Amino acid sequence: MPEKTYRDALKDGLREEMIRDERVFIMGEDVGLNWGGAFKVTKGLADEFGEARVRDTPISENTIAGTAVGAAITGMIPVAEIMFGDLITLAMDQVCNQAAKMRYMFGGQTSVPLVLRTVFGGGKNIASHHSQSLESWFMHTPGLKIAVPAFAYDVKGLIKTAIRDPNPVLFLEHKLVYDKKEDVPDEDYTVPFGQAKVRREGEDVTVWGTFFMLHKALEVADELAKDGISVEVIDPRTLAPLDKKTLIESVKKTGRLVLVTEETKTGATTAEIAATVQEEAFDWLDAPIKRVNAPDTPVPFSPPLEGYFIPDNKRIAQAIREIV
Amino acid sequence: MTVDKKTLKELYTRTLKVRRFEEKVWDLFGENVVPGTLHLYLGQEAVAAGVTTALKKTDWIQSTHRGHGHVVAKGADMNAALAELLGKETGSCKGKGGSMHITQFNVGVLGATGVVASGLPIAVGAALSCQMRGTDDVVACFFGDGASNNGTFGESLNMSAIWKLPLIWIVENNLYAMGTPIKMMCPSATIAQRADGYCIPNVVVDGNNALAVYEATVEAVKRARAGEGPTLIECQTYRMKGHSRFDAAKYRPEKETKYWLSEERDAVRIIREMAIEQGALTETQAEKIDAKISKDVEKAADFAKKSDFPKPEETLDDVFAEVA
Ligand SMILES: Cc1ncc(C[n+]2csc(CCOP(=O)(O)OP(=O)(O)O)c2C)c(N)n1
Ligand SMILES: [Mg+2]
């Protein structure tokens, strides 16, 4: 099986879906011929499929998202891109009021099969307007599905599931995982929504996290294993639908839970997960649930500041040690 | 342009139908059976009638918060429309939408929206879809004078122009956005001239004259179907009532209301006289059409009132479409 980067696996998924279904098209700022996407995910696709199906747009986030909505309800399957996650604020009406609510408020008369891709996360010293992680806002928006692929195998399978889903899917990526490599099959496969993956089995403590934090948590788990601490690491893969079952089962086994994401702490997805676990597995918990998040500040620029902001292996390890 | 008698009769019929429908809605809310608020279309009927008469069944319209008239003129089932306004399970949106989201997808209504100016991007997407799927369908997008001050106006006009989309922008300039006069909020003499900046052909018409609206729309549709791109039509018109349920519209100067609400400016009267003058209708035929419409509206009101409310637990339905 060939080893591929997350970026190439994602591109393969997009490409294969475009070949499979001619209703699928890509649109966004600089996704096309001259640039191939700010993170080069769509590079080469405009050459292959033409500029109509890999469509550069003006810098008009709300209308990019709205165009995707209008195209989706009339027989197309748009995969629209918002260049940076922070800029989705300019498209909030179309994402949260239109795409998410349309099927419901029209009593099921229509559905909105669109995919909106964007990228979250810090680590590149590009400061407050290009680094934030906003997934909890959308988890709080009924009507949206949310994919959070952190690994190359998953990103290909999940983009296919997203494109084939009849509902609006927010497809969230992370800047620091585009170059991560994994074995990725060349053939067609999907990864189902709402099915978490146990990335490492363990007995003493469960770590649940997303995106780059999963990569860190796995490193930490290796380290702690040397001290005889056995860590189970769970990757939800989608936040909506959320696989509670896998998590609850794991907590029932380990009795301990550490939640790790790059979001600022207040109102983060980790708060929702912690609340869910205490509702559904309170009696199995042997220690308080720990949360490892960023502080409640905008994402800073300077390397020592950003380094302080983003949770690191030390903080994750410390949180685990505090409860085992 | 010479219009045939059949078209004149159709214009009269649609204008009148919207008028009688809205009068019934006004009565129903007098009876206190319409929950919430609503924005009546009374006074602006000629716009919806003129535009939709120039469209075919498979063409689309995008509506606004003042949408009853658009939907009825496009051929909506009046039973389902009135039932929706009353929040009944037989409503077109099963009681989940109400006045601001009154929509019938199956007659070519993309949606009615509570967010001013949010329909413009969706119309861009629908028109792009018509173009990409190789149909000859067009999209007519209604919006108000107030909406033309929102950012989506610029984004969407621009996108429609660069991609030469089969799209007709219909500005219903009723001189006010709630209580705010457009002349306070727009520096140019017309809204239409704003389209010049996007190289979109534009025209100002008497929005109380269904024939004038129709003729302008026919030209625009011709351009759109020929692949020549969008047109903007500013229809100057006036609300007969306040902005919403409890607004008495006291802010409108008497001289202005006297002119606009005079019998000579009345949309139904204008098209009726024209049709009779040009031999498309006799007085008796005009009365007969009126009697038939009034009866249908009466029946629809009856149907709506007698229909059941949805069961409370139906709240939970229609958030997502089932994955196949
Ligand atoms: C984005 C947004 N801002 C404000 C409102 C509240 N609002 C509802 S209708 C309206 C006025 C709209 O004016 P116009 O576009 O001229 O349409 P009209 O009501 O005259 O038909 C306002 C401000 C809203 N619904 N959406
Ligand atoms: Mg207005």
# chains A, B, ... in the order shown; residues from 1 in each chain; ligands from 1
$ interface_residues --of "chain A" --to "chain B" --cutoff "9 Å" --atoms "only C-alpha atoms" --output "MDAnalysis selection string"
chainID A and resid 23 52:53 57:76 93:94 97:98 100:112 142:144 164:168
$ residues_near_ligand --ligand "ligand 2" --cutoff "10 Å" --atoms "only C-alpha atoms and all ligand atoms" --output "count of residues only"
24
$ residues_around --residues "region 185-192 of chain B" --least-positions-apart "5" --cutoff "7 Å" --atoms "only C-alpha atoms" --output "PyMOL selection string"
chain B and resi 202-204+232-234
$ write_last_selection --atoms "N, CA, C and O atoms" --output "PDB file, in the first residue's frame"
ATOM      1  N   ASN B 202     -29.300  47.177 -16.686  1.00  0.00           N
ATOM      2  CA  ASN B 202     -30.305  47.422 -15.659  1.00  0.00           C
ATOM      3  C   ASN B 202     -31.356  48.392 -16.144  1.00  0.00           C
ATOM      4  O   ASN B 202     -31.107  49.188 -17.044  1.00  0.00           O
ATOM      5  N   VAL B 203     -32.526  48.305 -15.528  1.00  0.00           N
ATOM      6  CA  VAL B 203     -33.633  49.131 -15.970  1.00  0.00           C
ATOM      7  C   VAL B 203     -34.544  49.409 -14.772  1.00  0.00           C
ATOM      8  O   VAL B 203     -34.605  48.610 -13.835  1.00  0.00           O
ATOM      9  N   VAL B 204     -35.199  50.564 -14.798  1.00  0.00           N
ATOM     10  CA  VAL B 204     -36.168  50.900 -13.761  1.00  0.00           C
ATOM     11  C   VAL B 204     -37.556  50.805 -14.376  1.00  0.00           C
ATOM     12  O   VAL B 204     -37.782  51.334 -15.467  1.00  0.00           O
ATOM     13  N   LEU B 232     -30.522  43.418 -14.105  1.00  0.00           N
ATOM     14  CA  LEU B 232     -31.162  43.880 -12.873  1.00  0.00           C
ATOM     15  C   LEU B 232     -32.354  44.765 -13.229  1.00  0.00           C
ATOM     16  O   LEU B 232     -32.242  45.677 -14.055  1.00  0.00           O
ATOM     17  N   ILE B 233     -33.488  44.440 -12.610  1.00  0.00           N
ATOM     18  CA  ILE B 233     -34.704  45.222 -12.846  1.00  0.00           C
ATOM     19  C   ILE B 233     -35.150  45.843 -11.527  1.00  0.00           C
ATOM     20  O   ILE B 233     -35.403  45.126 -10.561  1.00  0.00           O
ATOM     21  N   GLU B 234     -35.184  47.154 -11.482  1.00  0.00           N
ATOM     22  CA  GLU B 234     -35.685  47.818 -10.279  1.00  0.00           C
ATOM     23  C   GLU B 234     -37.166  48.119 -10.482  1.00  0.00           C
ATOM     24  O   GLU B 234     -37.542  48.859 -11.387  1.00  0.00           O
TER      25      GLU B 234
END
$ residues_around --residues "Ile168 (chain B)" --least-positions-apart "2" --cutoff "6 Å" --atoms "only C-alpha atoms" --output "PyMOL selection string"
chain B and resi 140+230-232
$ write_last_selection --atoms "N, CA and C atoms" --output "mmCIF file, in the first residue's frame"
data_model
loop_
_atom_site.group_PDB
_atom_site.id
_atom_site.type_symbol
_atom_site.label_atom_id
_atom_site.label_comp_id
_atom_site.auth_asym_id
_atom_site.auth_seq_id
_atom_site.Cartn_x
_atom_site.Cartn_y
_atom_site.Cartn_z
ATOM 1 N N ALA B 140 -34.885 33.891 -11.027
ATOM 2 C CA ALA B 140 -35.217 35.285 -10.714
ATOM 3 C C ALA B 140 -35.110 35.451 -9.206
ATOM 4 N N PRO B 230 -26.630 38.145 -16.451
ATOM 5 C CA PRO B 230 -27.697 38.681 -15.617
ATOM 6 C C PRO B 230 -28.189 40.065 -16.051
ATOM 7 N N THR B 231 -29.370 40.403 -15.556
ATOM 8 C CA THR B 231 -29.968 41.726 -15.732
ATOM 9 C C THR B 231 -30.509 42.133 -14.370
ATOM 10 N N LEU B 232 -30.522 43.418 -14.105
ATOM 11 C CA LEU B 232 -31.162 43.880 -12.873
ATOM 12 C C LEU B 232 -32.354 44.765 -13.229
#
$ select_by_dssp --residues "region 9-144 of chain B" --states "alpha helix (DSSP H)" --output "ChimeraX atom specification"
/B:9-30,45-53,68-73,78-85,119-132
$ residues_around --residues "Thr42 (chain A)" --least-positions-apart "6" --cutoff "10 Å" --atoms "only C-alpha atoms" --output "list in words"
Arg7, Asp8, Leu10, Lys11, Asp12, Leu14, Arg15, Ile26, Asp30, Val31, Gly32, Leu33, Trp35, Gly36 and Val54 of chain A
$ select_by_dssp --residues "region 44-106 of chain A" --states "strand (DSSP E)" --output "ChimeraX atom specification"
/A:54-56,77-81
$ closest_residue --among "A:Val24, A:Ile19, A:Gln318, A:Phe171" --to "Ile82 (chain A)" --atoms "only C-alpha atoms"
A:Phe171
$ atom_distance --atom1 "CA of Lys156 (chain A)" --atom2 "CA of Met18 (chain A)"
13.1 Å
$ residues_around --residues "Lys124 (chain A)" --least-positions-apart "6" --cutoff "9 Å" --atoms "only C-alpha atoms" --output "CSV table (one decimal) with C-alpha atoms, in the first residue's frame"
chain,number,residue,atom,x,y,z
A,131,SER,CA,-5.0,30.2,13.4
A,175,LYS,CA,-2.6,23.1,9.0
A,176,LEU,CA,0.0,20.8,10.7
A,301,PHE,CA,2.0,35.5,16.8
A,303,PRO,CA,6.8,31.8,18.6
A,306,GLU,CA,2.2,30.7,20.3
$ atom_distance --atom1 "CA of Asp302 (chain B)" --atom2 "CA of Val25 (chain B)"
12.1 Å
$ closest_residue --among "B:Tyr214, B:Phe246, B:Phe142, B:Phe309" --to "ligand 1" --atoms "only C-alpha atoms and all ligand atoms"
B:Phe142
$ residues_around --residues "Phe303 (chain B)" --least-positions-apart "3" --cutoff "8 Å" --atoms "only C-alpha atoms" --output "compact mmCIF listing (two decimals) with all heavy atoms, in the first residue's frame"
# COMPACT_ATOMS: atom_id res chain seq x y z
N ASN B 79 -53.78 26.06 -0.55
CA ASN B 79 -54.12 25.37 0.70
C ASN B 79 -52.89 25.20 1.58
O ASN B 79 -52.89 25.56 2.76
CB ASN B 79 -54.68 23.96 0.42
CG ASN B 79 -56.06 24.00 -0.19
OD1 ASN B 79 -56.57 25.07 -0.53
ND2 ASN B 79 -56.67 22.84 -0.34
N ALA B 83 -52.13 27.10 5.06
CA ALA B 83 -51.95 26.22 6.22
C ALA B 83 -50.59 26.45 6.87
O ALA B 83 -50.45 26.40 8.09
CB ALA B 83 -52.10 24.76 5.79
N LYS B 299 -61.75 28.70 0.19
CA LYS B 299 -61.60 27.26 0.45
C LYS B 299 -60.27 26.96 1.11
O LYS B 299 -60.18 26.12 2.02
CB LYS B 299 -61.67 26.47 -0.88
CG LYS B 299 -63.07 26.08 -1.28
CD LYS B 299 -63.00 24.90 -2.26
CE LYS B 299 -63.82 25.21 -3.49
NZ LYS B 299 -63.43 24.56 -4.73
N ALA B 300 -59.24 27.65 0.65
CA ALA B 300 -57.90 27.44 1.22
C ALA B 300 -57.89 27.84 2.69
O ALA B 300 -57.31 27.15 3.54
CB ALA B 300 -56.85 28.23 0.44
N LYS B 306 -59.18 24.23 9.33
CA LYS B 306 -59.63 22.90 9.77
C LYS B 306 -58.47 21.92 9.96
O LYS B 306 -58.63 20.89 10.61
CB LYS B 306 -60.61 22.32 8.75
CG LYS B 306 -61.98 22.97 8.88
CD LYS B 306 -63.01 22.26 8.03
CE LYS B 306 -64.36 22.94 8.14
NZ LYS B 306 -64.99 23.12 6.80
N SER B 307 -57.32 22.25 9.38
CA SER B 307 -56.18 21.33 9.51
C SER B 307 -55.69 21.27 10.95
O SER B 307 -55.86 22.22 11.71
CB SER B 307 -55.03 21.80 8.62
OG SER B 307 -55.35 21.66 7.27
$ closest_residue --among "A:Ala271, A:Leu224, A:Val299, A:Met92" --to "ligand 1" --atoms "only C-alpha atoms and all ligand atoms"
A:Met92
$ closest_residue --among "B:Thr53, B:Asn150, B:Thr7, B:Gln131" --to "ligand 1" --atoms "only C-alpha atoms and all ligand atoms"
B:Asn150
$ atom_distance --atom1 "CA of Leu281 (chain B)" --atom2 "CA of Ala76 (chain B)"
24.4 Å
$ closest_residue --among "B:His65, B:Arg223, B:Lys6, B:Lys255" --to "ligand 1" --atoms "only C-alpha atoms and all ligand atoms"
B:His65
